[in-house]
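Engineer: What follows is a structure written as structure tokens; I'll ask about it next.
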Amino acid sequence: MIKDLLDVKRWEAFFKVLPTEYIPGFVVTLKVALAGLLLALALGVIFGMLSTTKIKICRFIARVYVEFFQNTPLVVQVFFYYACLPYVIGGRVPKFVLGVIGVGIYHGAYISEVIRTGIEAVPKGQFEAAYSQGFNYLQTMWYIILPQTMKMILPPLTNQALNLVKNTSVLAMIAGMDLMYHADSWGSDRGYFVQAYLPCALLYFLICFPLARLARYLEIRAKRTPVPKKPKGVA
Amino acid sequence: MIKVENLKKNFGSLEVLKNINLTVGEGEKLVIIGPSGSGKSTLIRCMNYLEEPTAGEVYVNDQLLTKKNRGEIAKNYSSMVFQQFNLYPHMTVLQNLTLAPIKLQKIPKKEAEETAMKYLERVGLSDKAYSYPQNLSGGQQQRVAIARALCTKQKLILFDEPTSALDPEMVQEVLDVMIGLSKENITMVCVTHEMGFARQVADRVIFMDDGTIVEEGTPEHFFTNPENERTKAFLSKILH
């Protein structure tokens, strides 16, 4: 193991494939993660809102979505899309799309729960003040409730974002051309497992760590007591 | 301005309002008093559909208030001041005041801000325009809430126990603003325990108990010569 780790020849081989295999894989992972996160956030907001409405059928639909996707493995879901989506739409589905749908829908379910608890934590008086001014439900959510929710749910939301980035690696199992796929195929091809997986982990770390720090910074900033905000030119 | 007809409201099996009939004229200052649990907050909350009536109708400006048009009616005719202020904590005072005018009434931002500053000055808080609600005292927050209600230039303002959550030394500053308001042609419906205020500004006082209007009349009549036994008992408890 230590011998493998210090093997210069193997590292040379790694650096040769870094720009041709790892970097393209890294870019794919980054793209899937970003698009997946957007999808997950959109689904999370929609289903999170549905689960806080007074309308029973909306709450029921949100419940079914959350329970189904939270309680089945992501890998099974992605394999299912891989095998079945082509029949549904009648053609080949790009791996990128499979990845985005996979992590997007899966983490959307978790994020919707995060957003539901966030909305429920906003005092009822905020809704009433908005309604008394004439805002409708969607305007109330958009201008008044969700901005307050976002502050509260930042830590659990970050958790989901980080998990989403890491979970894009299931794409490797359906030859998704992502970072993990390239690392795995090159590594097992040559048998250079240390050189394959260690940098691979490092590249995932490179996405997740700054994201976690950014979220932490935003969290601290949100908790600070706001100071009066005076625009320029106002006495 | 407001007409309430045969209004009933139940919370489960509890009858909170039992057949209320009431008319509030334009520009009238109506004060609703009564012991807690008598239904006065529920009544005022039915006037902008924060509570859905179990039976009966509420008309605002001759329009029947329904679930569908409550937003329209709130936008055009009424606003509310709450016991807990309910300012939007993520916005500055100025943003609190201009949100509805800009987003709902489509008034240009600059104009809305000028109006807002005018009303802030009126409640004595123009220096707080860029502060956040959490940095203000309760009395200041409530004055901002009143300015927010004024900014949409509504004809009707509903006050739901506006001074009940305040420290005693802050009650007067809020009442002073309301007394100033009462000189204008704004219809005010006010649920309150402040009898001095009721006496000073009300055109008419309503005493509620147990979900019904027990007695109504001018403040004069009320505080010097109440007829109903329950009114007398209530007033003797709070007037020292």
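Chain labels run A, B, ... following the order of the structure tokens; each chain numbers its residues from 1, and ligands are numbered from 1 in the order shown.
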Please, which residues of chain B lie no more than 9 Å from chain A when the count uses only C-alpha atoms, and can they be set out as a count of residues only?

Structural biologist: 36

Engineer: Give me the residues near Gly39 (chain B) as a tab-separated table (two decimals) with N, CA and C atoms, in the first residue's frame, where near means some atom within 6 Å (using only C-alpha atoms) and where sequence neighbours in that chain fewer than 2 positions away do not count.

Structural biologist:
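Saved to result-v3.tsv:
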```tsv
chain	number	residue	atom	x	y	z
B	16	VAL	N	-68.15	31.13	18.83
B	16	VAL	CA	-67.43	32.34	19.22
B	16	VAL	C	-68.23	33.58	18.90
B	17	LEU	N	-68.89	33.57	17.75
B	17	LEU	CA	-69.76	34.69	17.38
B	17	LEU	C	-71.17	34.14	17.13
B	37	GLY	N	-62.13	36.54	25.25
B	37	GLY	CA	-62.95	35.39	24.92
B	37	GLY	C	-64.36	35.78	24.51
B	41	SER	N	-61.98	39.97	18.91
B	41	SER	CA	-60.90	39.80	17.92
B	41	SER	C	-61.39	38.99	16.73
B	42	THR	N	-62.16	37.96	17.00
B	42	THR	CA	-62.69	37.15	15.91
B	42	THR	C	-63.57	38.00	14.98
B	211	GLY	N	-69.88	36.28	22.63
B	211	GLY	CA	-70.22	36.14	21.21
B	211	GLY	C	-71.37	36.98	20.73
```

Engineer: Could you give me the residues within region 2-193 of chain B that DSSP places in alpha helix (DSSP H), as a ChimeraX atom specification?

Structural biologist: /B:40-46,70-76,93-103,109-122,138-151,168-181

Engineer: Residues near Glu114 (chain B), anyone? I mean within 10 Å using only C-alpha atoms, not counting same-chain ones fewer than 6 positions away, as a PyMOL selection string.

Structural biologist: chain B and resi 94+98+120

Engineer: What is the CA of Leu171 (chain A) to CA of Gly99 (chain A) distance in Å?

Structural biologist: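 CA of Leu171 (chain A) sits 6.1 Å away from CA of Gly99 (chain A).
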
Engineer: Of the residues B:Ile179, B:Val144, B:Ile2, B:Met91, which is the one nearest to Glu194 (chain B), using only C-alpha atoms?

Structural biologist: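 Using only C-alpha atoms, Glu194 (chain B) sits closest to B:Ile179.
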
Engineer: State, in Å with one decimal place, the distance from CA of Leu98 (chain A) to CA of Asn163 (chain A).

Structural biologist: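 Rounded to one decimal, the two atoms are 17.3 Å apart.
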